[in-house]
file protein09.pdb (PDB, C-alpha atoms, pLDDT in the B column)
ATOM      1  CA  MET Q  15     -17.990   2.887   8.758  1.00 75.00           C
ATOM      2  CA  LEU Q  16     -16.907  -0.513  10.096  1.00 83.00           C
ATOM      3  CA  THR Q  17     -17.875  -2.220   6.857  1.00 86.00           C
ATOM      4  CA  ARG Q  18     -15.692   0.170   4.847  1.00 92.00           C
ATOM      5  CA  LEU Q  19     -12.782  -0.135   7.276  1.00 93.00           C
ATOM      6  CA  TYR Q  20     -13.126  -3.929   7.044  1.00 91.00           C
ATOM      7  CA  LEU Q  21     -13.079  -3.699   3.237  1.00 92.00           C
ATOM      8  CA  ALA Q  22      -9.984  -1.466   3.319  1.00 93.00           C
ATOM      9  CA  VAL Q  23      -8.147  -3.998   5.502  1.00 94.00           C
ATOM     10  CA  GLN Q  24      -9.326  -6.810   3.241  1.00 92.00           C
ATOM     11  CA  PHE Q  25      -8.163  -5.003   0.085  1.00 91.00           C
ATOM     12  CA  LEU Q  26      -4.776  -3.750   1.301  1.00 93.00           C
ATOM     13  CA  THR Q  27      -3.642  -6.743   3.350  1.00 93.00           C
ATOM     14  CA  ILE Q  28      -3.734 -10.516   3.404  1.00 91.00           C
ATOM     15  CA  LEU Q  29      -4.879 -10.624   7.014  1.00 87.00           C
ATOM     16  CA  PRO Q  30      -7.219 -13.598   7.422  1.00 84.00           C
ATOM     17  CA  LEU Q  31     -10.558 -11.876   7.969  1.00 84.00           C
ATOM     18  CA  PRO Q  32     -13.771 -13.885   8.053  1.00 83.00           C
ATOM     19  CA  ALA Q  33     -15.733 -13.663   4.821  1.00 75.00           C
ATOM     20  CA  LYS Q  34     -18.930 -11.641   4.814  1.00 75.00           C
ATOM     21  CA  SER Q  35     -22.163 -13.479   4.052  1.00 73.00           C
ATOM     22  CA  SER Q  36     -22.909 -11.342   0.997  1.00 81.00           C
ATOM     23  CA  PRO Q  37     -20.624  -9.576  -1.472  1.00 83.00           C
ATOM     24  CA  PRO Q  38     -20.021  -5.920  -0.597  1.00 86.00           C
ATOM     25  CA  ALA Q  39     -21.607  -3.107  -2.561  1.00 86.00           C
ATOM     26  CA  GLU Q  40     -19.289  -1.459  -5.073  1.00 88.00           C
ATOM     27  CA  ARG Q  41     -19.966   1.880  -3.407  1.00 90.00           C
ATOM     28  CA  ASP Q  42     -18.682   0.565  -0.063  1.00 91.00           C
ATOM     29  CA  VAL Q  43     -15.603  -0.944  -1.710  1.00 89.00           C
ATOM     30  CA  GLY Q  44     -14.789   2.338  -3.449  1.00 91.00           C
ATOM     31  CA  LYS Q  45     -15.464   4.508  -0.415  1.00 93.00           C
ATOM     32  CA  SER Q  46     -13.278   2.295   1.784  1.00 94.00           C
ATOM     33  CA  SER Q  47     -10.358   4.392   0.491  1.00 95.00           C
ATOM     34  CA  MET Q  48     -11.087   6.868   3.309  1.00 96.00           C
ATOM     35  CA  TYR Q  49      -9.754   4.269   5.745  1.00 97.00           C
ATOM     36  CA  PHE Q  50      -6.545   3.427   3.892  1.00 97.00           C
ATOM     37  CA  PRO Q  51      -4.435   5.440   6.410  1.00 97.00           C
ATOM     38  CA  LEU Q  52      -5.865   3.363   9.283  1.00 96.00           C
ATOM     39  CA  VAL Q  53      -4.764   0.212   7.476  1.00 96.00           C
ATOM     40  CA  GLY Q  54      -1.343   1.857   7.170  1.00 96.00           C
ATOM     41  CA  LEU Q  55      -1.394   2.456  10.923  1.00 96.00           C
ATOM     42  CA  LEU Q  56      -2.152  -1.218  11.513  1.00 95.00           C
ATOM     43  CA  GLN Q  57       0.746  -2.138   9.219  1.00 95.00           C
ATOM     44  CA  GLY Q  58       2.963   0.385  11.028  1.00 94.00           C
ATOM     45  CA  PHE Q  59       2.293  -1.380  14.324  1.00 94.00           C
ATOM     46  CA  LEU Q  60       3.232  -4.672  12.644  1.00 95.00           C
ATOM     47  CA  LEU Q  61       6.547  -3.115  11.542  1.00 93.00           C
ATOM     48  CA  LEU Q  62       7.068  -1.794  15.058  1.00 92.00           C
ATOM     49  CA  LEU Q  63       6.479  -5.288  16.453  1.00 94.00           C
ATOM     50  CA  VAL Q  64       9.048  -6.793  14.059  1.00 94.00           C
ATOM     51  CA  PHE Q  65      11.504  -4.040  14.974  1.00 91.00           C
ATOM     52  CA  THR Q  66      10.980  -4.467  18.721  1.00 90.00           C
ATOM     53  CA  VAL Q  67      11.376  -8.251  18.599  1.00 94.00           C
ATOM     54  CA  PHE Q  68      14.532  -8.326  16.487  1.00 94.00           C
ATOM     55  CA  ILE Q  69      16.486  -5.107  17.181  1.00 89.00           C
ATOM     56  CA  ARG Q  70      18.118  -6.484  20.334  1.00 88.00           C
ATOM     57  CA  ILE Q  71      19.374  -9.669  18.724  1.00 94.00           C
ATOM     58  CA  LEU Q  72      20.145  -8.801  15.086  1.00 93.00           C
ATOM     59  CA  PRO Q  73      22.104  -6.070  13.287  1.00 92.00           C
ATOM     60  CA  ASN Q  74      20.185  -3.058  11.919  1.00 89.00           C
ATOM     61  CA  GLU Q  75      20.680  -4.230   8.333  1.00 92.00           C
ATOM     62  CA  ILE Q  76      18.938  -7.565   8.988  1.00 95.00           C
ATOM     63  CA  VAL Q  77      16.154  -5.892  10.964  1.00 93.00           C
ATOM     64  CA  ALA Q  78      15.549  -3.465   8.082  1.00 93.00           C
ATOM     65  CA  ALA Q  79      15.244  -6.426   5.694  1.00 95.00           C
ATOM     66  CA  LEU Q  80      12.819  -8.182   8.073  1.00 96.00           C
ATOM     67  CA  VAL Q  81      10.706  -5.026   8.381  1.00 94.00           C
ATOM     68  CA  ILE Q  82      10.411  -4.831   4.591  1.00 94.00           C
ATOM     69  CA  ALA Q  83       9.655  -8.554   4.346  1.00 95.00           C
ATOM     70  CA  ALA Q  84       6.870  -8.175   6.928  1.00 95.00           C
ATOM     71  CA  LEU Q  85       5.357  -5.275   4.998  1.00 93.00           C
ATOM     72  CA  VAL Q  86       5.536  -7.046   1.634  1.00 93.00           C
ATOM     73  CA  ILE Q  87       4.031 -10.223   3.078  1.00 94.00           C
ATOM     74  CA  CYS Q  88       1.283  -8.283   4.864  1.00 93.00           C
ATOM     75  CA  ASN Q  89       0.409  -6.558   1.571  1.00 90.00           C
ATOM     76  CA  GLY Q  90       0.504  -9.826  -0.330  1.00 89.00           C
ATOM     77  CA  GLY Q  91       2.855  -8.218  -2.839  1.00 84.00           C
ATOM     78  CA  LEU Q  92      -0.152  -6.430  -4.350  1.00 79.00           C
ATOM     79  CA  HIS Q  93       1.598  -3.113  -4.796  1.00 81.00           C
ATOM     80  CA  PHE Q  94       4.713  -4.647  -6.328  1.00 86.00           C
ATOM     81  CA  ASP Q  95       2.579  -6.492  -8.847  1.00 84.00           C
ATOM     82  CA  GLY Q  96       0.941  -3.221  -9.863  1.00 84.00           C
ATOM     83  CA  LEU Q  97       4.288  -1.423  -9.941  1.00 88.00           C
ATOM     84  CA  SER Q  98       5.925  -4.008 -12.188  1.00 89.00           C
ATOM     85  CA  ASP Q  99       2.886  -4.144 -14.513  1.00 88.00           C
ATOM     86  CA  THR Q 100       2.898  -0.348 -14.808  1.00 86.00           C
ATOM     87  CA  PHE Q 101       6.587  -0.136 -15.652  1.00 90.00           C
ATOM     88  CA  ASP Q 102       6.353  -2.997 -18.153  1.00 88.00           C
ATOM     89  CA  ALA Q 103       3.528  -1.149 -19.921  1.00 87.00           C
ATOM     90  CA  LEU Q 104       5.298   2.221 -19.803  1.00 87.00           C
ATOM     91  CA  ALA Q 105       8.440   0.701 -21.312  1.00 87.00           C
ATOM     92  CA  ALA Q 106       6.528  -0.882 -24.186  1.00 86.00           C
ATOM     93  CA  ARG Q 107       6.511   1.161 -27.366  1.00 84.00           C
ATOM     94  CA  LYS Q 108       3.074   0.013 -28.341  1.00 84.00           C
ATOM     95  CA  SER Q 109      -0.476   1.275 -28.621  1.00 83.00           C
ATOM     96  CA  MET Q 110      -2.541   2.023 -25.512  1.00 79.00           C
ATOM     97  CA  GLU Q 111      -4.567  -1.130 -26.117  1.00 80.00           C
ATOM     98  CA  LYS Q 112      -1.417  -3.288 -26.130  1.00 83.00           C
ATOM     99  CA  LYS Q 113      -0.069  -1.521 -23.036  1.00 80.00           C
ATOM    100  CA  LEU Q 114      -3.289  -2.351 -21.195  1.00 79.00           C
ATOM    101  CA  ALA Q 115      -2.930  -5.973 -22.314  1.00 80.00           C
ATOM    102  CA  ILE Q 116       0.641  -6.006 -20.960  1.00 82.00           C
ATOM    103  CA  MET Q 117      -0.621  -4.729 -17.618  1.00 81.00           C
ATOM    104  CA  LYS Q 118      -3.211  -7.487 -17.461  1.00 79.00           C
ATOM    105  CA  ASP Q 119      -0.685 -10.206 -18.392  1.00 80.00           C
ATOM    106  CA  SER Q 120       0.404 -12.267 -15.372  1.00 81.00           C
ATOM    107  CA  THR Q 121       4.050 -12.420 -16.462  1.00 83.00           C
ATOM    108  CA  THR Q 122       6.579  -9.777 -15.469  1.00 84.00           C
ATOM    109  CA  GLY Q 123       9.067  -8.346 -17.929  1.00 86.00           C
ATOM    110  CA  PRO Q 124      12.606  -7.127 -17.240  1.00 89.00           C
ATOM    111  CA  ILE Q 125      11.624  -3.495 -16.626  1.00 91.00           C
ATOM    112  CA  GLY Q 126       8.978  -4.651 -14.157  1.00 90.00           C
ATOM    113  CA  VAL Q 127      11.545  -6.718 -12.271  1.00 92.00           C
ATOM    114  CA  ILE Q 128      14.038  -3.846 -12.262  1.00 95.00           C
ATOM    115  CA  SER Q 129      11.437  -1.396 -10.935  1.00 94.00           C
ATOM    116  CA  THR Q 130      10.559  -3.791  -8.116  1.00 93.00           C
ATOM    117  CA  VAL Q 131      14.217  -4.343  -7.198  1.00 95.00           C
ATOM    118  CA  LEU Q 132      14.902  -0.593  -7.194  1.00 96.00           C
ATOM    119  CA  VAL Q 133      11.916   0.170  -4.969  1.00 94.00           C
ATOM    120  CA  LEU Q 134      12.900  -2.607  -2.549  1.00 94.00           C
ATOM    121  CA  LEU Q 135      16.448  -1.249  -2.476  1.00 95.00           C
ATOM    122  CA  LEU Q 136      15.219   2.275  -1.751  1.00 94.00           C
ATOM    123  CA  LYS Q 137      12.925   0.980   1.002  1.00 92.00           C
ATOM    124  CA  TYR Q 138      15.802  -1.003   2.480  1.00 94.00           C
ATOM    125  CA  LEU Q 139      18.099   2.031   2.554  1.00 92.00           C
ATOM    126  CA  ALA Q 140      15.369   4.227   4.038  1.00 90.00           C
ATOM    127  CA  TYR Q 141      14.532   1.751   6.816  1.00 88.00           C
ATOM    128  CA  LYS Q 142      18.196   0.962   7.486  1.00 88.00           C
ATOM    129  CA  ASN Q 143      18.924   4.657   7.949  1.00 86.00           C
ATOM    130  CA  ALA Q 144      15.824   5.099  10.108  1.00 84.00           C
ATOM    131  CA  LEU Q 145      16.907   2.242  12.345  1.00 82.00           C
ATOM    132  CA  THR Q 146      20.239   3.957  13.040  1.00 79.00           C
ATOM    133  CA  LEU Q 147      18.287   6.621  14.952  1.00 72.00           C
ATOM    134  CA  ALA Q 148      17.916   6.335  18.684  1.00 63.00           C
ATOM    135  CA  HIS Q 149      15.691   3.404  19.646  1.00 65.00           C
ATOM    136  CA  MET Q 150      12.588   5.520  20.371  1.00 66.00           C
ATOM    137  CA  ALA Q 151      13.087   7.801  17.353  1.00 74.00           C
ATOM    138  CA  ALA Q 152      13.011   4.775  15.012  1.00 74.00           C
ATOM    139  CA  PHE Q 153       9.357   4.247  15.962  1.00 81.00           C
ATOM    140  CA  VAL Q 154       8.259   7.333  14.029  1.00 85.00           C
ATOM    141  CA  PRO Q 155       9.256   6.243  10.493  1.00 86.00           C
ATOM    142  CA  LEU Q 156       8.200   2.653  11.167  1.00 89.00           C
ATOM    143  CA  ILE Q 157       4.668   3.715  12.036  1.00 91.00           C
ATOM    144  CA  LEU Q 158       4.251   6.732   9.769  1.00 92.00           C
ATOM    145  CA  SER Q 159       5.697   5.400   6.508  1.00 92.00           C
ATOM    146  CA  PRO Q 160       2.858   2.894   5.914  1.00 94.00           C
ATOM    147  CA  VAL Q 161       0.268   5.481   7.027  1.00 96.00           C
ATOM    148  CA  ILE Q 162       1.514   8.065   4.534  1.00 95.00           C
ATOM    149  CA  ALA Q 163       1.995   5.440   1.810  1.00 93.00           C
ATOM    150  CA  ARG Q 164      -1.612   4.234   2.123  1.00 95.00           C
ATOM    151  CA  TRP Q 165      -2.890   7.818   2.308  1.00 96.00           C
ATOM    152  CA  SER Q 166      -0.987   8.727  -0.895  1.00 95.00           C
ATOM    153  CA  MET Q 167      -3.184   6.263  -2.751  1.00 94.00           C
ATOM    154  CA  VAL Q 168      -6.262   8.364  -1.940  1.00 95.00           C
ATOM    155  CA  PRO Q 169      -5.191  11.566  -3.766  1.00 96.00           C
ATOM    156  CA  ALA Q 170      -4.125   9.359  -6.684  1.00 93.00           C
ATOM    157  CA  LEU Q 171      -7.617   7.846  -6.756  1.00 92.00           C
ATOM    158  CA  PHE Q 172      -9.268  11.230  -6.255  1.00 93.00           C
ATOM    159  CA  HIS Q 173      -7.450  12.802  -9.206  1.00 92.00           C
ATOM    160  CA  GLY Q 174      -6.982   9.654 -11.310  1.00 87.00           C
ATOM    161  CA  LYS Q 175      -8.731   8.426 -14.406  1.00 82.00           C
ATOM    162  CA  SER Q 176      -9.523   4.814 -15.193  1.00 77.00           C
ATOM    163  CA  ALA Q 177      -7.654   3.248 -18.074  1.00 72.00           C
ATOM    164  CA  ARG Q 178     -10.281   0.507 -18.383  1.00 72.00           C
ATOM    165  CA  ASP Q 179     -14.045   0.335 -18.307  1.00 74.00           C
ATOM    166  CA  ASP Q 180     -13.919  -2.606 -15.912  1.00 73.00           C
ATOM    167  CA  GLY Q 181     -11.809  -3.663 -13.001  1.00 68.00           C
ATOM    168  CA  LEU Q 182     -11.334  -2.850  -9.366  1.00 68.00           C
ATOM    169  CA  GLY Q 183      -9.436   0.369 -10.010  1.00 82.00           C
ATOM    170  CA  LYS Q 184     -12.497   1.891 -11.629  1.00 85.00           C
ATOM    171  CA  VAL Q 185     -14.594   1.123  -8.541  1.00 87.00           C
ATOM    172  CA  PHE Q 186     -12.173   3.085  -6.357  1.00 89.00           C
ATOM    173  CA  LEU Q 187     -11.812   5.914  -8.858  1.00 89.00           C
ATOM    174  CA  GLU Q 188     -15.573   6.384  -9.161  1.00 90.00           C
ATOM    175  CA  HIS Q 189     -16.231   6.458  -5.424  1.00 90.00           C
ATOM    176  CA  THR Q 190     -13.218   8.302  -4.012  1.00 92.00           C
ATOM    177  CA  LYS Q 191     -14.664  11.793  -3.768  1.00 94.00           C
ATOM    178  CA  THR Q 192     -14.033  14.924  -1.704  1.00 94.00           C
ATOM    179  CA  LEU Q 193     -15.369  13.327   1.494  1.00 95.00           C
ATOM    180  CA  GLU Q 194     -12.938  10.400   1.211  1.00 95.00           C
ATOM    181  CA  MET Q 195     -10.068  12.782   0.428  1.00 95.00           C
ATOM    182  CA  ILE Q 196     -10.820  15.025   3.413  1.00 95.00           C
ATOM    183  CA  GLY Q 197     -11.532  12.072   5.700  1.00 95.00           C
ATOM    184  CA  SER Q 198      -8.318  10.234   4.860  1.00 96.00           C
ATOM    185  CA  THR Q 199      -6.275  13.429   5.192  1.00 96.00           C
ATOM    186  CA  THR Q 200      -7.858  14.125   8.586  1.00 95.00           C
ATOM    187  CA  LEU Q 201      -6.967  10.595   9.718  1.00 94.00           C
ATOM    188  CA  VAL Q 202      -3.331  11.146   8.685  1.00 94.00           C
ATOM    189  CA  LEU Q 203      -3.197  14.468  10.504  1.00 94.00           C
ATOM    190  CA  CYS Q 204      -4.634  12.846  13.646  1.00 92.00           C
ATOM    191  CA  VAL Q 205      -2.060  10.054  13.521  1.00 86.00           C
ATOM    192  CA  THR Q 206       0.857  12.392  12.923  1.00 81.00           C
TER
END
call {"tool": "encode", "arguments": {"input": "protein09.pdb", "output": "C-alpha coordinates"}}
result
Amino acid sequence: MLTRLYLAVQFLTILPLPAKSSPPAERDVGKSSMYFPLVGLLQGFLLLLVFTVFIRILPNEIVAALVIAALVICNGGLHFDGLSDTFDALAARKSMEKKLAIMKDSTTGPIGVISTVLVLLLKYLAYKNALTLAHMAAFVPLILSPVIARWSMVPALFHGKSARDDGLGKVFLEHTKTLEMIGSTTLVLCVT
(Lines of atoms letter the chains of each structure in order from A and count residues from 1; the text may use other names and numbers.)
(Lines give C-alpha, C1' and ligand atoms only; values in the text may rest on other atoms or scores of the structure.)
Protein backbone atom coordinates (compact mmCIF):
# COMPACT_ATOMS: atom_id res chain seq x y z
CA MET A 1 0.00 0.00 0.00
CA LEU A 2 2.67 2.54 0.99
CA THR A 3 4.67 1.81 -2.15
CA ARG A 4 1.64 2.52 -4.35
CA LEU A 5 0.73 5.67 -2.41
CA TYR A 6 4.35 6.81 -2.78
CA LEU A 7 4.18 6.15 -6.53
CA ALA A 8 0.90 8.09 -6.81
CA VAL A 9 2.46 11.10 -5.07
CA GLN A 10 5.54 10.78 -7.26
CA PHE A 11 3.47 10.61 -10.46
CA LEU A 12 0.96 13.37 -9.72
CA THR A 13 3.22 15.91 -8.02
CA ILE A 14 6.72 17.32 -8.14
CA LEU A 15 7.22 16.91 -4.41
CA PRO A 16 10.87 16.03 -3.79
CA LEU A 17 10.61 12.42 -2.65
CA PRO A 18 13.72 10.32 -2.17
CA ALA A 19 14.35 7.94 -5.05
CA LYS A 20 13.77 4.25 -4.47
CA SER A 21 16.75 1.93 -4.81
CA SER A 22 15.13 -0.08 -7.60
CA PRO A 23 12.65 0.89 -10.30
CA PRO A 24 9.04 0.13 -9.35
CA ALA A 25 7.12 -2.73 -10.91
CA GLU A 26 4.73 -1.68 -13.66
CA ARG A 27 1.90 -3.35 -11.75
CA ASP A 28 2.55 -1.13 -8.71
CA VAL A 29 2.73 1.99 -10.89
CA GLY A 30 -0.57 1.15 -12.57
CA LYS A 31 -2.34 0.17 -9.36
CA SER A 32 -1.22 3.37 -7.64
CA SER A 33 -4.28 4.98 -9.26
CA MET A 34 -6.31 3.80 -6.24
CA TYR A 35 -4.49 6.42 -4.17
CA PHE A 36 -4.96 9.36 -6.54
CA PRO A 37 -7.69 10.88 -4.28
CA LEU A 38 -5.26 10.87 -1.32
CA VAL A 39 -2.78 12.82 -3.43
CA GLY A 40 -5.64 15.21 -4.18
CA LEU A 41 -6.23 15.53 -0.44
CA LEU A 42 -2.57 16.39 0.08
CA GLN A 43 -2.84 19.01 -2.68
CA GLY A 44 -6.07 20.31 -1.11
CA PHE A 45 -4.23 20.93 2.16
CA LEU A 46 -1.56 22.81 0.20
CA LEU A 47 -4.29 25.01 -1.33
CA LEU A 48 -5.76 25.53 2.13
CA LEU A 49 -2.34 26.60 3.42
CA VAL A 50 -1.95 29.13 0.59
CA PHE A 51 -5.46 30.42 1.25
CA THR A 52 -4.92 30.71 5.01
CA VAL A 53 -1.61 32.54 4.64
CA PHE A 54 -2.76 35.09 2.07
CA ILE A 55 -6.50 35.70 2.61
CA ARG A 56 -5.93 38.23 5.40
CA ILE A 57 -3.48 40.36 3.47
CA LEU A 58 -4.53 40.13 -0.20
CA PRO A 59 -7.78 40.54 -2.14
CA ASN A 60 -9.76 37.39 -3.05
CA GLU A 61 -8.83 37.72 -6.72
CA ILE A 62 -5.09 37.57 -5.97
CA VAL A 63 -5.55 34.71 -3.51
CA ALA A 64 -7.49 32.74 -6.14
CA ALA A 65 -4.61 33.25 -8.60
CA LEU A 66 -2.07 32.13 -5.96
CA VAL A 67 -4.13 29.02 -5.18
CA ILE A 68 -4.14 28.07 -8.86
CA ALA A 69 -0.42 28.81 -9.17
CA ALA A 70 0.30 26.56 -6.18
CA LEU A 71 -1.73 23.74 -7.71
CA VAL A 72 -0.12 24.06 -11.14
CA ILE A 73 3.37 24.18 -9.64
CA CYS A 74 2.65 21.22 -7.36
CA ASN A 75 1.47 19.22 -10.39
CA GLY A 76 4.46 20.29 -12.44
CA GLY A 77 2.09 21.37 -15.20
CA LEU A 78 1.67 17.71 -16.14
CA HIS A 79 -2.06 17.91 -16.69
CA PHE A 80 -1.87 21.09 -18.75
CA ASP A 81 0.72 19.48 -21.00
CA GLY A 82 -1.62 16.54 -21.59
CA LEU A 83 -4.60 18.85 -22.09
CA SER A 84 -2.84 20.99 -24.69
CA ASP A 85 -1.47 17.92 -26.52
CA THR A 86 -4.95 16.38 -26.63
CA PHE A 87 -6.60 19.50 -28.02
CA ASP A 88 -3.84 20.02 -30.59
CA ALA A 89 -4.39 16.45 -31.81
CA LEU A 90 -8.18 16.74 -31.80
CA ALA A 91 -8.01 19.94 -33.85
CA ALA A 92 -5.75 18.37 -36.47
CA ARG A 93 -7.57 17.04 -39.50
CA LYS A 94 -5.14 14.22 -39.99
CA SER A 95 -4.88 10.47 -39.66
CA MET A 96 -4.80 8.81 -36.24
CA GLU A 97 -1.09 8.12 -36.68
CA LYS A 98 -0.36 11.82 -37.28
CA LYS A 99 -2.57 12.84 -34.35
CA LEU A 100 -0.55 10.55 -32.08
CA ALA A 101 2.65 12.12 -33.42
CA ILE A 102 1.23 15.58 -32.63
CA MET A 103 0.51 14.48 -29.08
CA LYS A 104 4.07 13.25 -28.66
CA ASP A 105 5.57 16.45 -30.10
CA SER A 106 6.98 18.74 -27.39
CA THR A 107 5.69 21.92 -29.04
CA THR A 108 2.25 23.33 -28.32
CA GLY A 109 -0.02 24.62 -31.06
CA PRO A 110 -2.55 27.45 -30.86
CA ILE A 111 -5.50 25.23 -29.92
CA GLY A 112 -3.43 23.69 -27.14
CA VAL A 113 -2.58 27.13 -25.77
CA ILE A 114 -6.21 28.25 -26.01
CA SER A 115 -7.45 25.14 -24.17
CA THR A 116 -4.94 25.75 -21.38
CA VAL A 117 -5.91 29.42 -21.06
CA LEU A 118 -9.62 28.56 -20.98
CA VAL A 119 -9.17 25.92 -18.28
CA LEU A 120 -7.05 28.29 -16.18
CA LEU A 121 -9.71 30.98 -16.59
CA LEU A 122 -12.46 28.60 -15.51
CA LYS A 123 -10.41 27.47 -12.51
CA TYR A 124 -9.76 31.10 -11.59
CA LEU A 125 -13.45 31.99 -11.72
CA ALA A 126 -14.41 28.89 -9.73
CA TYR A 127 -11.85 29.56 -6.98
CA LYS A 128 -12.59 33.29 -6.92
CA ASN A 129 -16.28 32.57 -6.39
CA ALA A 130 -15.49 29.94 -3.76
CA LEU A 131 -13.33 32.40 -1.86
CA THR A 132 -16.24 34.85 -1.61
CA LEU A 133 -17.94 32.34 0.71
CA ALA A 134 -17.59 32.72 4.44
CA HIS A 135 -14.03 32.02 5.59
CA MET A 136 -14.75 28.49 6.88
CA ALA A 137 -16.99 27.56 3.94
CA ALA A 138 -14.15 28.31 1.49
CA PHE A 139 -12.23 25.36 2.97
CA VAL A 140 -14.59 22.84 1.38
CA PRO A 141 -13.93 23.60 -2.32
CA LEU A 142 -10.23 24.17 -1.67
CA ILE A 143 -9.81 20.70 -0.21
CA LEU A 144 -12.38 18.77 -2.23
CA SER A 145 -11.68 20.08 -5.74
CA PRO A 146 -8.24 18.40 -6.01
CA VAL A 147 -9.61 15.22 -4.39
CA ILE A 148 -12.43 14.92 -6.91
CA ALA A 149 -10.17 15.96 -9.81
CA ARG A 150 -7.64 13.22 -9.00
CA TRP A 151 -10.42 10.68 -8.45
CA SER A 152 -11.96 11.53 -11.85
CA MET A 153 -8.80 10.21 -13.47
CA VAL A 154 -9.51 6.73 -12.09
CA PRO A 155 -12.85 6.14 -13.90
CA ALA A 156 -11.20 7.51 -17.05
CA LEU A 157 -8.42 4.93 -16.66
CA PHE A 158 -10.88 2.18 -15.75
CA HIS A 159 -13.00 2.73 -18.86
CA GLY A 160 -10.26 4.06 -21.16
CA LYS A 161 -8.39 2.47 -24.01
CA SER A 162 -4.75 3.05 -24.84
CA ALA A 163 -4.01 4.89 -28.05
CA ARG A 164 -0.44 3.55 -28.09
CA ASP A 165 1.21 0.22 -27.44
CA ASP A 166 3.82 1.88 -25.24
CA GLY A 167 3.90 4.68 -22.75
CA LEU A 168 2.91 5.37 -19.19
CA GLY A 169 -0.79 5.71 -19.96
CA LYS A 170 -0.94 2.08 -21.01
CA VAL A 171 0.55 0.99 -17.68
CA PHE A 172 -2.25 2.75 -15.80
CA LEU A 173 -4.95 1.56 -18.19
CA GLU A 174 -3.88 -2.08 -17.88
CA HIS A 175 -3.75 -2.10 -14.09
CA THR A 176 -6.66 0.13 -13.07
CA LYS A 177 -9.29 -2.52 -12.43
CA THR A 178 -12.45 -2.85 -10.34
CA LEU A 179 -10.50 -2.92 -7.06
CA GLU A 180 -8.78 0.39 -7.85
CA MET A 181 -12.09 1.92 -8.95
CA ILE A 182 -13.90 0.84 -5.78
CA GLY A 183 -10.94 1.73 -3.56
CA SER A 184 -10.52 5.22 -4.97
CA THR A 185 -14.27 5.87 -4.80
CA THR A 186 -14.33 4.70 -1.17
CA LEU A 187 -11.47 7.09 -0.37
CA VAL A 188 -13.40 9.99 -1.92
CA LEU A 189 -16.53 9.09 0.02
CA CYS A 190 -14.52 8.94 3.26
CA VAL A 191 -12.98 12.35 2.60
CA THR A 192 -16.28 13.97 1.68
call {"tool": "residues_around", "arguments": {"input": "protein09.pdb", "residues": "Ile28 (chain Q)", "least_positions_apart": "3", "cutoff": "12 Å", "atoms": "only C-alpha atoms", "output": "PyMOL selection string"}}
result
chain Q and resi 21-25+31-32+53+57+84-92
call {"tool": "atom_distance", "arguments": {"input": "protein09.pdb", "atom1": "CA of Val161 (chain Q)", "atom2": "CA of Leu19 (chain Q)"}}
result
14.2 Å
call {"tool": "residues_around", "arguments": {"input": "protein09.pdb", "residues": "Lys142 (chain Q)", "least_positions_apart": "3", "cutoff": "8 Å", "atoms": "all atoms listed in the file", "output": "ChimeraX atom specification"}}
result
/Q:74-75,77-78,138-139,145-146
call {"tool": "closest_residue", "arguments": {"input": "protein09.pdb", "among": "Q:Trp165, Q:Ser98, Q:Leu203, Q:Glu40", "to": "Gly54 (chain Q)", "atoms": "all atoms listed in the file"}}
result
Q:Trp165
call {"tool": "atom_distance", "arguments": {"input": "protein09.pdb", "atom1": "CA of Val205 (chain Q)", "atom2": "CA of Leu187 (chain Q)"}}
result
24.8 Å
call {"tool": "residues_around", "arguments": {"input": "protein09.pdb", "residues": "region 192-198 of chain Q", "least_positions_apart": "4", "cutoff": "9 Å", "atoms": "all atoms listed in the file", "output": "PyMOL selection string"}}
result
chain Q and resi 45-52+165+168-169+172+202-203
